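Asks: The structure that follows is given in the form of structure tokens.
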Amino acid sequence: MPSSRISRRISSIAESATLAVDAKAKALKAAGRPVIGFGAGEPDFPTPGYIVDAAIEAARNPAYHRYSPAGGLPQLKQAIAEKTLRDSGYQVDASQVLVTNGGKQAVYNTFATLLDPGDEVIVPTPFWTTYPEAIRLAGGVPVEVFAGPEQGYLVTVEHLEAALTENTKVLLFVSPSNPTGAVYSPEQVAEIGAWAASKGLWVVTDEIYEHLTYDGVPFTSIAAAAPELGDKVVILNGVAKTYAMTGWRVGWMIGPADVIKAATNLQSHATSNVSNIMQIAALAAVSGPLTAVDEMKVAFDRRRQAITAGLNAIEGVECPTPKGAFYAYADVRGLLGKSFPTAAGGTVTPQTSAELAALILDEVEVAVVPGEAFGPSGYLRLSYALGDDDLAEGVRRLQEFLGKAA
């Protein structure tokens, strides 16, 4: 007889920590609490008007009121192929594209398609919270390879070599990184890609932050930088971050024809086609100019510098300046084990970054994501994709509260 109401496969995965923090912050805010949310990686800008207009026009077109191909509208797949050549320097055919319900479905589809039970995936750590859960859902084994602030949160070939076993099938590669904002140099990308190719590994690379780099640091696609990978590379991407379209839920995966065909078969049973209206909006986005993201980058760059300076002004906090994405990853190990006064008149001594994050939310109503969501304890991730005023107020509260550590 079955012993549990919930399957072991599903009960073994955790809720998305970033979405959980964001949901709690929004619920408190809706209840009238002055919460500042650094949790979700969500641009505070509206989706550009021309994209919204394309969706409205599509909604009025009866042709988009019906089912469409499970793998995506042909015109969008072609546009994604052209955009990939433009931005990544990697040439693919439209048949190598699968349009998904957001980037997360692309992640899930990819690992479900590539992995058999027991296959290992090397996961540079800190990692985005969804990667290891998607790997486990597919029966795979995530193998964490940690690179801390001393290494600029960048793994090396030596790190990867030490994690390699006879069961390793995939290397996950993400640059710019969520959660650290670290960006690999072109030389580092090429070296890691060549290493993976020499070991016969697949590389799954998430390029969703490709347009968000700073200080003249270039984005480098491992698919283009390491041609020796051949047909053993899968690119994950989407419109969410570049075009402020987090709620529109359009992503994609790009890979060899057999992998895309298999993943499309999976999607045909799981969700079928992405909303046609959303696909037409995405078509307008990827086919249009990058003016909107260039404007957003000016604000993100300003906020990046402000939050880094503000966090580093707190004794016990060290925060390297991120080179990409829109996250600051603060090392707060210097605050753990110290005592903080509470509004109730007592003191609390957090031993982990999870305890510290909970204390910060309770005491000064600032929502941050603890390092446990991305790997080891001892760190906090703060998204600086929120407005300037909220950012300044949130940092002020952190400085005031964390400055009381004793």
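Following the order of the structure tokens, chains are lettered A, B, ..., residues in each are numbered from 1, and ligands are numbered from 1.
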Name all residues at most 9 Å from Glu133 (chain A) (count only C-alpha atoms; drop same-chain ones fewer than 5 positions away) and give them as an MDAnalysis selection string.

Replies: chainID A and resid 12:14 108 138 142

Asks: Determine which residues of region 266-393 of chain A receive a DSSP assignment of strand (DSSP E), computed from the backbone, and state them as a list in words.

Replies: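 Answer for region 266-393 of chain A, restricted to strand (DSSP E): Tyr327, Ala328, Tyr329, Ala330, Asp331, Phe340, Pro341, Thr347, Val348, Val366, Ala367, Val369, Pro370, Tyr379, Leu380, Arg381, Leu382 and Ser383 of chain A.
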
Asks: For the residues in that selection, give me C-alpha atoms as a PDB file, in the first residue's frame.

Replies:
```
ATOM      1  CA  TYR A 327      21.897  41.279  -7.924  1.00  0.00           C
ATOM      2  CA  ALA A 328      24.262  42.074  -5.098  1.00  0.00           C
ATOM      3  CA  TYR A 329      25.559  39.039  -3.216  1.00  0.00           C
ATOM      4  CA  ALA A 330      26.682  40.125   0.223  1.00  0.00           C
ATOM      5  CA  ASP A 331      28.968  38.080   2.448  1.00  0.00           C
ATOM      6  CA  PHE A 340      20.886  42.196  17.611  1.00  0.00           C
ATOM      7  CA  PRO A 341      18.368  44.136  19.721  1.00  0.00           C
ATOM      8  CA  THR A 347      18.130  40.267  21.681  1.00  0.00           C
ATOM      9  CA  VAL A 348      18.450  37.667  18.932  1.00  0.00           C
ATOM     10  CA  VAL A 366      13.245  44.522   4.487  1.00  0.00           C
ATOM     11  CA  ALA A 367      13.002  41.333   2.433  1.00  0.00           C
ATOM     12  CA  VAL A 369      17.000  36.122   0.190  1.00  0.00           C
ATOM     13  CA  PRO A 370      19.378  34.068   2.348  1.00  0.00           C
ATOM     14  CA  TYR A 379      25.319  35.276   2.332  1.00  0.00           C
ATOM     15  CA  LEU A 380      22.369  37.462   1.359  1.00  0.00           C
ATOM     16  CA  ARG A 381      21.155  38.171  -2.167  1.00  0.00           C
ATOM     17  CA  LEU A 382      19.579  41.550  -2.837  1.00  0.00           C
ATOM     18  CA  SER A 383      18.021  42.442  -6.171  1.00  0.00           C
TER      19      SER A 383
END
```

Asks: For each of A:Ala385, A:Ile51, A:Ile360, A:Ala197, take the minimum atom-to-atom distance to Ser287 (chain A), counting only C-alpha atoms, then give the residue where this is smallest.

Replies: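 Using only C-alpha atoms, Ser287 (chain A) sits closest to A:Ile51.
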
Asks: Please report, as CSV, each residue of region 54-100 of chain A lying at most 10 Å from region 243-254 of chain A, together with the nearest pair of atoms and the separation in Å rounded to one decimal; use only C-alpha atoms, and order rows by chain and ascending residue number.

Replies:
```
residue,atom,partner,partner_atom,distance
A:Gly71,CA,A:Trp252,CA,9.4
A:Gly72,CA,A:Trp252,CA,9.1
A:Lys77,CA,A:Trp252,CA,8.9
A:Ile80,CA,A:Trp252,CA,8.5
A:Ala81,CA,A:Ile254,CA,8.5
A:Thr84,CA,A:Ile254,CA,9.2
A:Val92,CA,A:Ile254,CA,8.0
A:Asp93,CA,A:Ile254,CA,9.3
A:Ala94,CA,A:Ile254,CA,9.0
A:Ser95,CA,A:Ile254,CA,9.0
A:Gln96,CA,A:Ile254,CA,5.5
A:Val97,CA,A:Ile254,CA,4.7
A:Leu98,CA,A:Met253,CA,5.3
A:Val99,CA,A:Trp252,CA,4.3
A:Thr100,CA,A:Gly251,CA,5.0
```

Asks: Those residues you just picked out, can you put them in a file as a compact mmCIF listing (two decimals), in the first residue's frame with N, CA and C atoms?

Replies:
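Dumped everything to out14.txt:
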```txt
# COMPACT_ATOMS: atom_id res chain seq x y z
N GLY A 71 5.63 23.52 -30.17
CA GLY A 71 6.99 24.01 -30.07
C GLY A 71 7.16 25.51 -30.26
N GLY A 72 6.08 26.20 -30.63
CA GLY A 72 6.18 27.65 -30.81
C GLY A 72 5.73 28.10 -32.18
N LYS A 77 10.03 31.41 -33.61
CA LYS A 77 11.21 30.54 -33.61
C LYS A 77 12.27 31.08 -34.56
N ILE A 80 13.87 34.14 -32.96
CA ILE A 80 14.78 33.76 -31.88
C ILE A 80 16.11 33.26 -32.45
N ALA A 81 16.03 32.49 -33.55
CA ALA A 81 17.26 32.02 -34.20
C ALA A 81 18.10 33.21 -34.67
N THR A 84 19.62 35.04 -31.72
CA THR A 84 20.73 34.29 -31.14
C THR A 84 22.02 34.53 -31.91
N VAL A 92 21.93 29.06 -35.49
CA VAL A 92 21.03 27.92 -35.36
C VAL A 92 19.89 28.06 -36.34
N ASP A 93 19.23 26.96 -36.61
CA ASP A 93 18.04 26.95 -37.45
C ASP A 93 16.81 27.08 -36.56
N ALA A 94 15.72 27.58 -37.13
CA ALA A 94 14.49 27.73 -36.36
C ALA A 94 14.02 26.39 -35.79
N SER A 95 14.34 25.30 -36.46
CA SER A 95 13.93 23.98 -35.98
C SER A 95 14.66 23.58 -34.70
N GLN A 96 15.69 24.32 -34.33
CA GLN A 96 16.45 24.04 -33.11
C GLN A 96 15.96 24.85 -31.91
N VAL A 97 14.79 25.49 -32.06
CA VAL A 97 14.24 26.34 -31.02
C VAL A 97 12.94 25.74 -30.49
N LEU A 98 12.79 25.72 -29.17
CA LEU A 98 11.53 25.36 -28.52
C LEU A 98 11.10 26.52 -27.63
N VAL A 99 9.93 27.09 -27.91
CA VAL A 99 9.40 28.20 -27.11
C VAL A 99 8.67 27.61 -25.90
N THR A 100 9.00 28.12 -24.71
CA THR A 100 8.49 27.54 -23.46
C THR A 100 7.74 28.57 -22.63
```

Asks: Compile the contact shell of Ala270 (chain A) as a list of chain:residue names: residues with an atom at most 12 Å away, counting only C-alpha atoms, same-chain residues fewer than 3 positions apart removed.

Replies: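 Final neighbour list, sorted by chain and number: A:Ala70, A:Gly71, A:Thr100, A:Asn101, A:Gln105, A:Tyr108, A:Asn109, A:Ala112, A:Ala263, A:Thr264, A:Asn265, A:Leu266, A:Gln267, A:Asn273, A:Val274.
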
Asks: Residues within 9 Å of region 208-223 of chain A, please, as a PyMOL selection string. Count only C-alpha atoms; anything in the same chain fewer than 3 positions from it doesn't count.

Replies: chain A and resi 87-90+103+173-178+181+183-186+189-190+192-193+203+205+226-230+233-242+251+290+293-294+297+300-301+322-326

Asks: Which neighbours of Thr125 (chain A) fall inside 9 Å, counting only C-alpha atoms, when residues of the same chain fewer than 5 positions from it are skipped, and could you give them as an MDAnalysis selection string?

Replies: chainID A and resid 144:148 153:155 374:376

Asks: Within 12 Å of Arg396 (chain A), counting only C-alpha atoms, which residues qualify if same-chain residues fewer than 3 places away don't, as a count of residues only?

Replies: 21

Asks: Here is a test: counting only C-alpha atoms, which residue of A:Gly255, A:Pro62, A:Pro43, A:Pro289 is nearest to Thr110 (chain A)?

Replies: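 Going through A:Gly255, A:Pro62, A:Pro43, A:Pro289 one by one, the smallest distance to Thr110 (chain A) is for A:Gly255.
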
Asks: List as number ranges by chain the protein and nucleic acid residues near Ala63 (chain A), meaning an atom at most 12 Å away when only C-alpha atoms are counted, but skip any in the same chain fewer than 3 places from it.

Replies: A: 57-60, 66-68, 73, 276-277, 280

Asks: Would you write out those residues with all heavy atoms, as a PDB file, in the first residue's frame?

Replies:
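As a result, out_34.pdb now contains:
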```pdb
ATOM      1  N   GLU A  57      -3.040  43.860 -30.232  1.00  0.00           N
ATOM      2  CA  GLU A  57      -3.446  43.607 -31.611  1.00  0.00           C
ATOM      3  C   GLU A  57      -3.622  42.110 -31.852  1.00  0.00           C
ATOM      4  O   GLU A  57      -4.579  41.676 -32.514  1.00  0.00           O
ATOM      5  CB  GLU A  57      -2.400  44.176 -32.568  1.00  0.00           C
ATOM      6  CG  GLU A  57      -2.769  44.044 -34.037  1.00  0.00           C
ATOM      7  CD  GLU A  57      -1.740  44.665 -34.960  1.00  0.00           C
ATOM      8  OE1 GLU A  57      -0.859  45.403 -34.471  1.00  0.00           O
ATOM      9  OE2 GLU A  57      -1.811  44.407 -36.173  1.00  0.00           O
ATOM     10  N   ALA A  58      -2.718  41.307 -31.301  1.00  0.00           N
ATOM     11  CA  ALA A  58      -2.820  39.858 -31.470  1.00  0.00           C
ATOM     12  C   ALA A  58      -4.076  39.307 -30.809  1.00  0.00           C
ATOM     13  O   ALA A  58      -4.714  38.385 -31.334  1.00  0.00           O
ATOM     14  CB  ALA A  58      -1.582  39.181 -30.891  1.00  0.00           C
ATOM     15  N   ALA A  59      -4.444  39.869 -29.656  1.00  0.00           N
ATOM     16  CA  ALA A  59      -5.634  39.391 -28.950  1.00  0.00           C
ATOM     17  C   ALA A  59      -6.904  39.604 -29.765  1.00  0.00           C
ATOM     18  O   ALA A  59      -7.890  38.879 -29.596  1.00  0.00           O
ATOM     19  CB  ALA A  59      -5.747  40.087 -27.598  1.00  0.00           C
ATOM     20  N   ARG A  60      -6.886  40.571 -30.664  1.00  0.00           N
ATOM     21  CA  ARG A  60      -8.059  40.854 -31.502  1.00  0.00           C
ATOM     22  C   ARG A  60      -8.076  40.019 -32.778  1.00  0.00           C
ATOM     23  O   ARG A  60      -9.036  40.068 -33.534  1.00  0.00           O
ATOM     24  CB  ARG A  60      -8.080  42.346 -31.862  1.00  0.00           C
ATOM     25  CG  ARG A  60      -8.275  43.276 -30.675  1.00  0.00           C
ATOM     26  CD  ARG A  60      -8.634  44.689 -31.155  1.00  0.00           C
ATOM     27  NE  ARG A  60      -8.911  45.570 -30.028  1.00  0.00           N
ATOM     28  CZ  ARG A  60      -8.073  46.495 -29.571  1.00  0.00           C
ATOM     29  NH1 ARG A  60      -6.900  46.657 -30.171  1.00  0.00           N
ATOM     30  NH2 ARG A  60      -8.395  47.257 -28.536  1.00  0.00           N
ATOM     31  N   ARG A  66      -6.772  30.085 -31.323  1.00  0.00           N
ATOM     32  CA  ARG A  66      -6.782  28.631 -31.492  1.00  0.00           C
ATOM     33  C   ARG A  66      -5.443  28.028 -31.070  1.00  0.00           C
ATOM     34  O   ARG A  66      -4.461  28.735 -30.885  1.00  0.00           O
ATOM     35  CB  ARG A  66      -7.056  28.286 -32.972  1.00  0.00           C
ATOM     36  CG  ARG A  66      -8.321  28.900 -33.536  1.00  0.00           C
ATOM     37  CD  ARG A  66      -9.569  28.223 -32.995  1.00  0.00           C
ATOM     38  NE  ARG A  66     -10.776  28.760 -33.619  1.00  0.00           N
ATOM     39  CZ  ARG A  66     -11.537  29.707 -33.048  1.00  0.00           C
ATOM     40  NH1 ARG A  66     -11.185  30.214 -31.881  1.00  0.00           N
ATOM     41  NH2 ARG A  66     -12.627  30.141 -33.657  1.00  0.00           N
ATOM     42  N   TYR A  67      -5.446  26.703 -30.961  1.00  0.00           N
ATOM     43  CA  TYR A  67      -4.181  26.021 -30.708  1.00  0.00           C
ATOM     44  C   TYR A  67      -3.156  26.375 -31.779  1.00  0.00           C
ATOM     45  O   TYR A  67      -3.498  26.601 -32.942  1.00  0.00           O
ATOM     46  CB  TYR A  67      -4.373  24.501 -30.741  1.00  0.00           C
ATOM     47  CG  TYR A  67      -5.209  23.921 -29.633  1.00  0.00           C
ATOM     48  CD1 TYR A  67      -6.268  23.058 -29.925  1.00  0.00           C
ATOM     49  CD2 TYR A  67      -4.929  24.189 -28.299  1.00  0.00           C
ATOM     50  CE1 TYR A  67      -7.037  22.495 -28.914  1.00  0.00           C
ATOM     51  CE2 TYR A  67      -5.690  23.635 -27.284  1.00  0.00           C
ATOM     52  CZ  TYR A  67      -6.746  22.786 -27.590  1.00  0.00           C
ATOM     53  OH  TYR A  67      -7.493  22.228 -26.600  1.00  0.00           O
ATOM     54  N   SER A  68      -1.900  26.376 -31.372  1.00  0.00           N
ATOM     55  CA  SER A  68      -0.802  26.539 -32.329  1.00  0.00           C
ATOM     56  C   SER A  68       0.228  25.447 -32.044  1.00  0.00           C
ATOM     57  O   SER A  68       0.101  24.706 -31.067  1.00  0.00           O
ATOM     58  CB  SER A  68      -0.191  27.944 -32.205  1.00  0.00           C
ATOM     59  OG  SER A  68       0.348  28.145 -30.907  1.00  0.00           O
ATOM     60  N   LEU A  73       5.295  29.336 -32.288  1.00  0.00           N
ATOM     61  CA  LEU A  73       4.918  29.909 -33.576  1.00  0.00           C
ATOM     62  C   LEU A  73       6.145  29.953 -34.491  1.00  0.00           C
ATOM     63  O   LEU A  73       7.218  30.396 -34.059  1.00  0.00           O
ATOM     64  CB  LEU A  73       4.363  31.316 -33.399  1.00  0.00           C
ATOM     65  CG  LEU A  73       3.020  31.438 -32.649  1.00  0.00           C
ATOM     66  CD1 LEU A  73       2.698  32.896 -32.368  1.00  0.00           C
ATOM     67  CD2 LEU A  73       1.898  30.782 -33.445  1.00  0.00           C
ATOM     68  N   ASN A 276      -0.567  32.176 -27.469  1.00  0.00           N
ATOM     69  CA  ASN A 276      -0.243  32.846 -28.734  1.00  0.00           C
ATOM     70  C   ASN A 276      -0.051  34.346 -28.549  1.00  0.00           C
ATOM     71  O   ASN A 276       0.808  34.956 -29.202  1.00  0.00           O
ATOM     72  CB  ASN A 276      -1.365  32.603 -29.749  1.00  0.00           C
ATOM     73  CG  ASN A 276      -1.488  31.145 -30.122  1.00  0.00           C
ATOM     74  OD1 ASN A 276      -0.493  30.439 -30.236  1.00  0.00           O
ATOM     75  ND2 ASN A 276      -2.718  30.677 -30.310  1.00  0.00           N
ATOM     76  N   ILE A 277      -0.846  34.939 -27.684  1.00  0.00           N
ATOM     77  CA  ILE A 277      -0.751  36.386 -27.460  1.00  0.00           C
ATOM     78  C   ILE A 277       0.624  36.737 -26.885  1.00  0.00           C
ATOM     79  O   ILE A 277       1.266  37.707 -27.300  1.00  0.00           O
ATOM     80  CB  ILE A 277      -1.865  36.871 -26.505  1.00  0.00           C
ATOM     81  CG1 ILE A 277      -3.237  36.317 -26.921  1.00  0.00           C
ATOM     82  CG2 ILE A 277      -1.870  38.388 -26.428  1.00  0.00           C
ATOM     83  CD1 ILE A 277      -3.610  36.583 -28.354  1.00  0.00           C
ATOM     84  N   ILE A 280       3.348  36.480 -29.567  1.00  0.00           N
ATOM     85  CA  ILE A 280       3.415  37.642 -30.460  1.00  0.00           C
ATOM     86  C   ILE A 280       4.084  38.820 -29.756  1.00  0.00           C
ATOM     87  O   ILE A 280       4.857  39.584 -30.365  1.00  0.00           O
ATOM     88  CB  ILE A 280       2.012  38.026 -30.967  1.00  0.00           C
ATOM     89  CG1 ILE A 280       1.462  36.907 -31.857  1.00  0.00           C
ATOM     90  CG2 ILE A 280       2.047  39.333 -31.725  1.00  0.00           C
ATOM     91  CD1 ILE A 280       2.293  36.596 -33.092  1.00  0.00           C
TER      92      ILE A 280
END
```

Asks: In Å, rounded to a single decimal, give me how far CA of Ile122 (chain A) is from CA of Leu164 (chain A).

Replies: 7.7 Å

Asks: Go ahead and compute the interatomic distance for CA of Leu171 (chain A) and CA of Glu82 (chain A), in Å to one decimal.

Replies: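 The value is 25.6 Å.
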